[in-house]
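One structure is given here, and the rest of the page talks about it.
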Amino acid sequence: MSIKFNQVYYTYSPKTPFENEALKNINFEIKEGSFTCLVGHTGCGKSTLIQHLNGLLVPSSGEVVVDDYVNTKKNRKMRRKLRDLRKKVGLVFQFSENQLFEETVEDDIAFGPQNFGVKKEDAKLIAKETLKLVGLDESFLKKSPFDLSGGEKRRVAIAGVLALKPDVLVLDEPTAGLDPKGTKELLAMVKNLNDSGKTIILVTHDINIVYEYADNVIVMDNGEVVKIATPSELFSENVEKYSLETPMIQKVTNMCFAKGLKLDINKIKNLESLVDEIAKVRSK
Amino acid sequence: MAKITLGRYVPYDSFIHRMDPRNKIFCLIALMVAVFISYSTWELTFIVGGLLALFVIVLLIVSHISFKQLFGSLKPLWFMIIILLVINCLIPPRGESPIAFSIGSFNVYWNSIFQSLKIILRLVLMISLSMILTATTKPLDLTYALEWYLTPLKIIKFPAHEVAMTISIALRFIPTILTEVERIMKAQSSRGVDFKHGKISTKMKAIISLIIPLFISAFQRSEELADAMEARGYDPKQKRTRYHKLSFHILDIFAFLLCSGLLGATIIMSHYDFTFFTPSFLPWFVVSTLFIVIYCLLVGIIESRVVS
């Protein structure tokens, strides 16, 4: 299932003094099963863009095609099938822990599937499975979501979206406000989901995450897509013009190059692979 | 967010926007009272009502409120207007009244129709007036003005500053909470909640999924705000100075005179039972019409100068 943006424009509060063109001529395609990162500084339209993916926003002009669903202003018939789209594309908002409201974690995760017509008992089974998926054990099922720590709440909220079994998972800064351990575990979980075949779209500010996990990077600036590339392509050029930093790993690799170590840049994704590469070169 | 336009401050630069908020509140009250004064004859009621409506229309144009926006905010009123009409027609009017038309043996009197028309006119004018106030005044300025009006009550230990601060915080957080509502609604919609359609039981559930997170975040926000204010040494008992001082200008005085003049004219007309065509009414009519015309001209001149 591919996702395609065709000349998408979006304007907030048109024809008022608050008018604001948030998206301008967005064109790109995301392949099934890929891991795409969306970067750009605050207010550049990332959050607006991802809300087009499951029909929360309808483009002011242009179209967003997700599989056989066409999200466009003209297409009123399609809006009836909005539920199918919402089931296909799971959207995890920034600070998603704010969406928890049920008395127990189990009920909260089971809430989503029930909205799509799954029976209560089946939904509870799904809740149990998904909770495991986000790395929490069964003892959490009966707890109140409001007694959990920030990181745990975030995971329960993500589980609430995962319980819909979407093919595409969109996460808006899922690591914001988490401690380093929580961040690492969450990303490992997202990577696992990607390996199991889900398409992942991740909005983030953390360039190191992009470097380590992404297959593709979409760079946005002021409502426009300014660059689409793989991380190694992107960071091989000077990224300061997109107001991005060079990732730590890339910096270290560059330093190694300067010292005469001939490393294979394509094999370096994170600290482990960097050390492996250095060891390999040294042992030659 | 864009849907909630009723009474939202719109940052234009017009004479009414620049008016002193204290004066604006006074003028609003004066005009509202003027709108609600009743007269002995229907002719007078509708002539004065029409004049006031004309005046309000000028104010609406000057303050850049689009009529589309106004009608949008009047939409919920339709239901009320119909009920009003029906009830007024069902209840036989006091006193003699010519029959407008009959449905079978049931008579509908002109008085009932006029009565409902009067109420509708008053309601529409009242809503337009308050919209002019809120659309042209920053909420914070409004609370400053309110505080100014409440200051004399300090003698009887009324916490004027605290009340004004509470109101200004509440006003300040309305847009924030609306954004929050939108965010949570979107998050829950992504989980398959349908806020628009469905049975009442599922709708209830949908509302609960919105309200609980909303309350939690509101409480959190208020705690954080209280901490932040205390951390910056906020003490309601202290005397404070302001960055923006409220000040009266010549046009403020003019508006003040105009509105009090209008109020006075309506009171006198109502009190002395003027019938429209008696000679004693004429001076008042001429004076108030002239006043309105001069005012509109003046505002027009100033506006054109600002624009150019």
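Just so we're on the same page: first chain in the structure tokens is A, next is B, and so on; residues restart at 1 for each chain, and ligands are numbered from 1 in the order they show up.
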
Quick one: which residues from chain A are at most 10 Å off chain B, using only C-alpha atoms, as a PDB file with N, CA and C atoms, in the first residue's frame?
```
ATOM      1  N   TYR A  12      -5.054  27.231   6.464  1.00  0.00           N
ATOM      2  CA  TYR A  12      -5.861  27.356   7.680  1.00  0.00           C
ATOM      3  C   TYR A  12      -6.682  28.642   7.614  1.00  0.00           C
ATOM      4  N   SER A  13      -7.912  28.600   8.151  1.00  0.00           N
ATOM      5  CA  SER A  13      -8.813  29.762   8.217  1.00  0.00           C
ATOM      6  C   SER A  13      -8.772  30.608   6.961  1.00  0.00           C
ATOM      7  N   PRO A  14      -9.126  30.047   5.795  1.00  0.00           N
ATOM      8  CA  PRO A  14      -9.057  30.847   4.584  1.00  0.00           C
ATOM      9  C   PRO A  14     -10.017  32.033   4.637  1.00  0.00           C
ATOM     10  N   THR A  16      -9.851  34.888   6.134  1.00  0.00           N
ATOM     11  CA  THR A  16      -9.973  35.646   7.377  1.00  0.00           C
ATOM     12  C   THR A  16      -8.598  36.272   7.635  1.00  0.00           C
ATOM     13  N   PRO A  17      -8.542  37.182   8.617  1.00  0.00           N
ATOM     14  CA  PRO A  17      -7.226  37.757   8.917  1.00  0.00           C
ATOM     15  C   PRO A  17      -6.240  36.712   9.442  1.00  0.00           C
ATOM     16  N   PHE A  18      -6.769  35.531   9.850  1.00  0.00           N
ATOM     17  CA  PHE A  18      -5.888  34.505  10.412  1.00  0.00           C
ATOM     18  C   PHE A  18      -5.384  33.541   9.344  1.00  0.00           C
ATOM     19  N   GLU A  19      -5.668  33.842   8.082  1.00  0.00           N
ATOM     20  CA  GLU A  19      -5.318  32.939   6.989  1.00  0.00           C
ATOM     21  C   GLU A  19      -3.831  32.572   7.033  1.00  0.00           C
ATOM     22  N   GLN A  51      -1.745  14.949   9.231  1.00  0.00           N
ATOM     23  CA  GLN A  51      -3.194  14.856   9.454  1.00  0.00           C
ATOM     24  C   GLN A  51      -3.958  14.616   8.155  1.00  0.00           C
ATOM     25  N   ASN A  54      -4.764  10.442   7.412  1.00  0.00           N
ATOM     26  CA  ASN A  54      -5.953   9.660   7.760  1.00  0.00           C
ATOM     27  C   ASN A  54      -7.231  10.495   7.705  1.00  0.00           C
ATOM     28  N   GLY A  55      -7.189  11.518   6.877  1.00  0.00           N
ATOM     29  CA  GLY A  55      -8.426  12.233   6.578  1.00  0.00           C
ATOM     30  C   GLY A  55      -8.912  13.177   7.655  1.00  0.00           C
ATOM     31  N   LEU A  56      -8.054  13.507   8.641  1.00  0.00           N
ATOM     32  CA  LEU A  56      -8.470  14.494   9.640  1.00  0.00           C
ATOM     33  C   LEU A  56      -8.541  15.861   8.993  1.00  0.00           C
ATOM     34  N   LEU A  57      -7.636  16.090   8.046  1.00  0.00           N
ATOM     35  CA  LEU A  57      -7.694  17.315   7.265  1.00  0.00           C
ATOM     36  C   LEU A  57      -7.882  16.930   5.801  1.00  0.00           C
ATOM     37  N   LEU A  82     -14.226   6.906   5.188  1.00  0.00           N
ATOM     38  CA  LEU A  82     -13.209   7.475   6.057  1.00  0.00           C
ATOM     39  C   LEU A  82     -12.781   6.496   7.146  1.00  0.00           C
ATOM     40  N   ARG A  83     -13.749   5.729   7.645  1.00  0.00           N
ATOM     41  CA  ARG A  83     -13.438   4.779   8.721  1.00  0.00           C
ATOM     42  C   ARG A  83     -12.412   3.751   8.261  1.00  0.00           C
ATOM     43  N   ASP A  84     -12.553   3.307   7.009  1.00  0.00           N
ATOM     44  CA  ASP A  84     -11.581   2.337   6.484  1.00  0.00           C
ATOM     45  C   ASP A  84     -10.187   2.943   6.487  1.00  0.00           C
ATOM     46  N   LEU A  85     -10.143   4.213   6.081  1.00  0.00           N
ATOM     47  CA  LEU A  85      -8.857   4.894   6.026  1.00  0.00           C
ATOM     48  C   LEU A  85      -8.261   5.005   7.422  1.00  0.00           C
ATOM     49  N   ARG A  86      -9.115   5.385   8.389  1.00  0.00           N
ATOM     50  CA  ARG A  86      -8.630   5.566   9.756  1.00  0.00           C
ATOM     51  C   ARG A  86      -8.105   4.255  10.328  1.00  0.00           C
ATOM     52  N   LYS A  87      -8.700   3.153   9.871  1.00  0.00           N
ATOM     53  CA  LYS A  87      -8.264   1.851  10.347  1.00  0.00           C
ATOM     54  C   LYS A  87      -6.927   1.475   9.707  1.00  0.00           C
ATOM     55  N   VAL A  89      -4.598   3.672   8.504  1.00  0.00           N
ATOM     56  CA  VAL A  89      -3.516   4.570   8.905  1.00  0.00           C
ATOM     57  C   VAL A  89      -3.707   4.945  10.370  1.00  0.00           C
ATOM     58  N   GLY A  90      -2.827   4.440  11.223  1.00  0.00           N
ATOM     59  CA  GLY A  90      -2.899   4.784  12.646  1.00  0.00           C
ATOM     60  C   GLY A  90      -2.067   6.017  12.903  1.00  0.00           C
ATOM     61  N   LEU A  91      -2.670   6.996  13.550  1.00  0.00           N
ATOM     62  CA  LEU A  91      -1.981   8.261  13.779  1.00  0.00           C
ATOM     63  C   LEU A  91      -1.763   8.455  15.275  1.00  0.00           C
ATOM     64  N   VAL A  92      -0.500   8.531  15.677  1.00  0.00           N
ATOM     65  CA  VAL A  92      -0.183   8.786  17.084  1.00  0.00           C
ATOM     66  C   VAL A  92       0.236  10.235  17.206  1.00  0.00           C
ATOM     67  N   PHE A  93      -0.561  11.001  17.924  1.00  0.00           N
ATOM     68  CA  PHE A  93      -0.287  12.430  18.035  1.00  0.00           C
ATOM     69  C   PHE A  93       0.855  12.711  18.994  1.00  0.00           C
ATOM     70  N   GLN A  94       1.355  13.934  18.894  1.00  0.00           N
ATOM     71  CA  GLN A  94       2.347  14.395  19.847  1.00  0.00           C
ATOM     72  C   GLN A  94       1.715  14.390  21.239  1.00  0.00           C
ATOM     73  N   SER A  96       0.781  11.961  23.033  1.00  0.00           N
ATOM     74  CA  SER A  96      -0.409  11.134  22.857  1.00  0.00           C
ATOM     75  C   SER A  96      -0.994  10.651  24.177  1.00  0.00           C
ATOM     76  N   GLU A  97      -0.206  10.758  25.265  1.00  0.00           N
ATOM     77  CA  GLU A  97      -0.740  10.298  26.557  1.00  0.00           C
ATOM     78  C   GLU A  97      -1.968  11.113  26.973  1.00  0.00           C
ATOM     79  N   ASN A  98      -2.161  12.269  26.335  1.00  0.00           N
ATOM     80  CA  ASN A  98      -3.344  13.084  26.656  1.00  0.00           C
ATOM     81  C   ASN A  98      -4.648  12.458  26.201  1.00  0.00           C
ATOM     82  N   GLN A  99      -4.581  11.421  25.379  1.00  0.00           N
ATOM     83  CA  GLN A  99      -5.821  10.866  24.855  1.00  0.00           C
ATOM     84  C   GLN A  99      -6.384   9.768  25.750  1.00  0.00           C
ATOM     85  N   LEU A 100      -5.657   9.388  26.808  1.00  0.00           N
ATOM     86  CA  LEU A 100      -6.131   8.310  27.684  1.00  0.00           C
ATOM     87  C   LEU A 100      -7.300   8.802  28.511  1.00  0.00           C
ATOM     88  N   PHE A 101      -8.307   7.964  28.663  1.00  0.00           N
ATOM     89  CA  PHE A 101      -9.441   8.421  29.478  1.00  0.00           C
ATOM     90  C   PHE A 101     -10.150   7.311  30.225  1.00  0.00           C
ATOM     91  N   GLU A 102      -9.874   6.040  29.877  1.00  0.00           N
ATOM     92  CA  GLU A 102     -10.638   4.957  30.502  1.00  0.00           C
ATOM     93  C   GLU A 102     -10.132   4.670  31.913  1.00  0.00           C
ATOM     94  N   ASP A 108      -8.802   1.105  27.857  1.00  0.00           N
ATOM     95  CA  ASP A 108      -8.381   2.183  26.976  1.00  0.00           C
ATOM     96  C   ASP A 108      -7.849   1.646  25.657  1.00  0.00           C
ATOM     97  N   ILE A 109      -7.070   0.580  25.745  1.00  0.00           N
ATOM     98  CA  ILE A 109      -6.536   0.029  24.487  1.00  0.00           C
ATOM     99  C   ILE A 109      -7.666  -0.617  23.688  1.00  0.00           C
ATOM    100  N   PHE A 111     -10.616   0.312  23.514  1.00  0.00           N
ATOM    101  CA  PHE A 111     -11.582   1.317  23.058  1.00  0.00           C
ATOM    102  C   PHE A 111     -11.562   1.491  21.538  1.00  0.00           C
ATOM    103  N   GLY A 112     -10.354   1.590  20.980  1.00  0.00           N
ATOM    104  CA  GLY A 112     -10.214   1.795  19.535  1.00  0.00           C
ATOM    105  C   GLY A 112     -10.868   0.695  18.712  1.00  0.00           C
ATOM    106  N   PRO A 113     -10.443  -0.570  18.920  1.00  0.00           N
ATOM    107  CA  PRO A 113     -11.041  -1.656  18.130  1.00  0.00           C
ATOM    108  C   PRO A 113     -12.562  -1.699  18.242  1.00  0.00           C
ATOM    109  N   GLN A 114     -13.081  -1.413  19.451  1.00  0.00           N
ATOM    110  CA  GLN A 114     -14.540  -1.449  19.620  1.00  0.00           C
ATOM    111  C   GLN A 114     -15.235  -0.413  18.749  1.00  0.00           C
ATOM    112  N   ASN A 115     -14.545   0.715  18.535  1.00  0.00           N
ATOM    113  CA  ASN A 115     -15.128   1.729  17.656  1.00  0.00           C
ATOM    114  C   ASN A 115     -15.252   1.221  16.229  1.00  0.00           C
ATOM    115  N   PHE A 116     -14.422   0.229  15.899  1.00  0.00           N
ATOM    116  CA  PHE A 116     -14.481  -0.314  14.540  1.00  0.00           C
ATOM    117  C   PHE A 116     -15.268  -1.618  14.513  1.00  0.00           C
ATOM    118  N   GLY A 117     -16.069  -1.843  15.544  1.00  0.00           N
ATOM    119  CA  GLY A 117     -16.994  -2.963  15.502  1.00  0.00           C
ATOM    120  C   GLY A 117     -16.472  -4.287  16.032  1.00  0.00           C
ATOM    121  N   PHE A 146      -3.866   6.664  34.582  1.00  0.00           N
ATOM    122  CA  PHE A 146      -3.395   7.917  35.180  1.00  0.00           C
ATOM    123  C   PHE A 146      -2.380   7.701  36.292  1.00  0.00           C
ATOM    124  N   GLY A 160      -2.915   1.927  22.115  1.00  0.00           N
ATOM    125  CA  GLY A 160      -4.294   2.243  21.770  1.00  0.00           C
ATOM    126  C   GLY A 160      -4.491   2.431  20.281  1.00  0.00           C
ATOM    127  N   VAL A 161      -3.461   2.950  19.617  1.00  0.00           N
ATOM    128  CA  VAL A 161      -3.545   3.127  18.163  1.00  0.00           C
ATOM    129  C   VAL A 161      -3.174   1.824  17.448  1.00  0.00           C
ATOM    130  N   LEU A 162      -2.155   1.151  17.994  1.00  0.00           N
ATOM    131  CA  LEU A 162      -1.715  -0.112  17.377  1.00  0.00           C
ATOM    132  C   LEU A 162      -2.811  -1.170  17.411  1.00  0.00           C
ATOM    133  N   ALA A 163      -3.688  -1.067  18.415  1.00  0.00           N
ATOM    134  CA  ALA A 163      -4.758  -2.058  18.573  1.00  0.00           C
ATOM    135  C   ALA A 163      -5.691  -2.063  17.364  1.00  0.00           C
ATOM    136  N   LEU A 164      -5.672  -0.972  16.586  1.00  0.00           N
ATOM    137  CA  LEU A 164      -6.505  -0.925  15.379  1.00  0.00           C
ATOM    138  C   LEU A 164      -5.882  -1.749  14.256  1.00  0.00           C
TER     139      LEU A 164
END
```

Running DSSP on the backbone, which parts of stretch 99-261 of chain A land in strand (DSSP E or B), as a list in words? Val168, Leu169, Val170, Leu171, Asp172, Thr199, Ile200, Ile201, Leu202, Val203, Asn216, Val217, Ile218, Val219, Met220, Asp221, Glu224, Val225, Val226, Lys227, Ile228 and Ala229 of chain A

Looking only at the backbone, which of the residues in stretch 75-292 of chain B does DSSP tag as alpha helix (DSSP H), as an MDAnalysis selection string? chainID B and resid 77:90 110:136 139:150 160:190 200:231 250:271 281:292

Could you turn the residues from that selection into a file that holds C-alpha atoms, as a short mmCIF file (atom, residue, chain, number, x, y, z; two decimals), in the first residue's frame?
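See selection-v6.cif below for the written result:
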```cif
data_model
loop_
_atom_site.label_atom_id
_atom_site.label_comp_id
_atom_site.auth_asym_id
_atom_site.auth_seq_id
_atom_site.Cartn_x
_atom_site.Cartn_y
_atom_site.Cartn_z
CA LEU B 77 -31.45 31.99 17.17
CA TRP B 78 -33.74 30.80 14.38
CA PHE B 79 -35.17 28.09 16.53
CA MET B 80 -35.87 30.57 19.32
CA ILE B 81 -37.45 33.03 16.91
CA ILE B 82 -39.87 30.43 15.62
CA ILE B 83 -40.84 29.35 19.15
CA LEU B 84 -41.32 33.00 20.10
CA LEU B 85 -43.57 33.60 17.13
CA VAL B 86 -45.66 30.51 17.86
CA ILE B 87 -46.05 31.22 21.57
CA ASN B 88 -46.83 34.89 20.99
CA CYS B 89 -49.46 33.96 18.45
CA LEU B 90 -51.03 31.36 20.72
CA TRP B 110 -51.21 42.08 14.80
CA ASN B 111 -50.16 42.79 18.36
CA SER B 112 -48.71 39.30 18.76
CA ILE B 113 -46.78 39.62 15.53
CA PHE B 114 -45.45 43.05 16.46
CA GLN B 115 -44.55 41.79 19.90
CA SER B 116 -42.44 38.95 18.48
CA LEU B 117 -40.87 41.26 15.92
CA LYS B 118 -39.92 43.64 18.70
CA ILE B 119 -38.27 40.89 20.72
CA ILE B 120 -36.42 39.60 17.67
CA LEU B 121 -35.18 43.07 16.82
CA ARG B 122 -33.97 43.57 20.37
CA LEU B 123 -32.22 40.21 20.48
CA VAL B 124 -30.46 40.75 17.16
CA LEU B 125 -29.36 44.24 18.18
CA MET B 126 -28.16 43.01 21.54
CA ILE B 127 -26.11 40.23 19.98
CA SER B 128 -24.67 42.56 17.35
CA LEU B 129 -23.70 45.06 20.02
CA SER B 130 -21.94 42.54 22.20
CA MET B 131 -20.25 41.16 19.13
CA ILE B 132 -18.96 44.61 18.28
CA LEU B 133 -17.53 44.88 21.76
CA THR B 134 -15.79 41.50 21.81
CA ALA B 135 -14.65 41.55 18.20
CA THR B 136 -12.97 44.93 18.56
CA PRO B 139 -9.91 40.26 26.02
CA LEU B 140 -7.19 41.60 28.26
CA ASP B 141 -8.26 45.19 27.65
CA LEU B 142 -11.77 44.17 28.53
CA THR B 143 -10.70 42.82 31.88
CA TYR B 144 -8.64 45.93 32.59
CA ALA B 145 -11.75 47.97 31.93
CA LEU B 146 -13.77 45.67 34.14
CA GLU B 147 -11.22 46.05 36.90
CA TRP B 148 -11.45 49.79 36.56
CA TYR B 149 -15.21 49.64 36.98
CA LEU B 150 -14.89 47.36 39.99
CA ALA B 160 -11.56 43.67 42.31
CA HIS B 161 -8.06 42.85 41.16
CA GLU B 162 -8.38 39.14 41.94
CA VAL B 163 -11.69 38.92 40.10
CA ALA B 164 -10.25 40.73 37.10
CA MET B 165 -7.19 38.49 37.13
CA THR B 166 -9.35 35.36 37.33
CA ILE B 167 -11.46 36.54 34.42
CA SER B 168 -8.45 37.51 32.33
CA ILE B 169 -6.86 34.10 32.95
CA ALA B 170 -10.11 32.39 32.01
CA LEU B 171 -10.32 34.45 28.82
CA ARG B 172 -6.68 33.86 28.06
CA PHE B 173 -7.20 30.11 28.22
CA ILE B 174 -10.31 29.86 26.08
CA PRO B 175 -8.35 29.62 22.81
CA THR B 176 -5.82 27.29 24.43
CA ILE B 177 -8.55 24.97 25.59
CA LEU B 178 -10.27 25.13 22.21
CA THR B 179 -7.03 24.07 20.57
CA GLU B 180 -6.80 21.30 23.13
CA VAL B 181 -10.36 20.21 22.34
CA GLU B 182 -9.51 20.07 18.67
CA ARG B 183 -6.34 18.10 19.35
CA ILE B 184 -8.05 15.53 21.55
CA MET B 185 -10.96 15.22 19.13
CA LYS B 186 -8.50 14.49 16.35
CA ALA B 187 -6.61 11.99 18.47
CA GLN B 188 -9.82 10.18 19.37
CA SER B 189 -11.09 10.37 15.78
CA SER B 190 -7.91 8.58 14.79
CA ILE B 200 -26.81 8.44 21.60
CA SER B 201 -25.00 5.81 23.67
CA THR B 202 -21.95 5.81 21.38
CA LYS B 203 -22.07 9.58 21.23
CA MET B 204 -22.01 9.74 25.02
CA LYS B 205 -18.93 7.56 25.00
CA ALA B 206 -17.38 9.84 22.39
CA ILE B 207 -18.03 12.89 24.55
CA ILE B 208 -16.56 11.16 27.60
CA SER B 209 -13.43 10.35 25.63
CA LEU B 210 -13.11 14.07 24.96
CA ILE B 211 -14.07 15.51 28.32
CA ILE B 212 -11.92 13.42 30.65
CA PRO B 213 -8.62 14.17 28.91
CA LEU B 214 -9.69 17.79 28.63
CA PHE B 215 -10.33 18.12 32.36
CA ILE B 216 -7.09 16.42 33.22
CA SER B 217 -5.07 18.75 31.04
CA ALA B 218 -6.98 21.79 32.29
CA PHE B 219 -6.23 20.91 35.90
CA GLN B 220 -2.60 20.27 35.08
CA ARG B 221 -2.41 23.58 33.28
CA SER B 222 -3.93 25.50 36.14
CA GLU B 223 -1.52 23.96 38.63
CA GLU B 224 1.43 24.77 36.40
CA LEU B 225 0.19 28.30 35.89
CA ALA B 226 -0.25 28.87 39.62
CA ASP B 227 3.29 27.61 40.22
CA ALA B 228 4.67 29.77 37.44
CA MET B 229 2.92 32.86 38.80
CA GLU B 230 4.19 32.23 42.30
CA ALA B 231 7.68 31.57 41.02
CA ILE B 250 -11.37 63.30 21.87
CA LEU B 251 -13.26 60.73 19.84
CA ASP B 252 -13.89 58.75 23.00
CA ILE B 253 -15.57 61.76 24.49
CA PHE B 254 -17.60 62.16 21.33
CA ALA B 255 -18.71 58.53 21.37
CA PHE B 256 -19.50 58.83 25.05
CA LEU B 257 -21.70 61.87 24.42
CA LEU B 258 -23.36 60.22 21.45
CA CYS B 259 -24.28 57.05 23.29
CA SER B 260 -25.47 58.83 26.40
CA GLY B 261 -27.36 61.22 24.13
CA LEU B 262 -29.06 58.35 22.38
CA LEU B 263 -29.95 56.75 25.68
CA GLY B 264 -31.28 60.05 27.00
CA ALA B 265 -33.33 60.64 23.88
CA THR B 266 -34.93 57.21 24.07
CA ILE B 267 -35.71 57.58 27.76
CA ILE B 268 -37.32 60.96 27.22
CA MET B 269 -39.32 59.67 24.27
CA SER B 270 -40.55 56.74 26.28
CA HIS B 271 -41.24 58.75 29.43
CA PHE B 281 -41.14 64.99 19.19
CA LEU B 282 -39.64 66.59 16.13
CA PRO B 283 -36.69 68.36 17.79
CA TRP B 284 -35.60 65.15 19.46
CA PHE B 285 -35.91 63.24 16.27
CA VAL B 286 -33.94 65.85 14.33
CA VAL B 287 -31.25 66.12 16.99
CA SER B 288 -30.69 62.40 17.32
CA THR B 289 -30.69 61.86 13.57
CA LEU B 290 -28.23 64.71 13.12
CA PHE B 291 -26.05 63.26 15.85
CA ILE B 292 -25.96 59.90 14.14
#
```

Test item: residues at most 9 Å from stretch 185-190 of chain A, only C-alpha atoms, excluding those fewer than 3 positions along its chain, as a list in words: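 Those residues are Leu133, Val134, Gly135, Gly151, Arg155, Leu169, Pro174, Thr175, Pro180, Lys181, Gly182, Leu193, Asn194, Asp195, Ile200, Ile209 and Tyr213 of chain A.
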
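Between atom CA of A:Lys198 and atom CA of A:Glu212 the interatomic distance comes to 17.7 Å.
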
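The gap separating atom CA of A:Leu141 from atom CA of A:Ile126 is 11.6 Å, in Å to one decimal.
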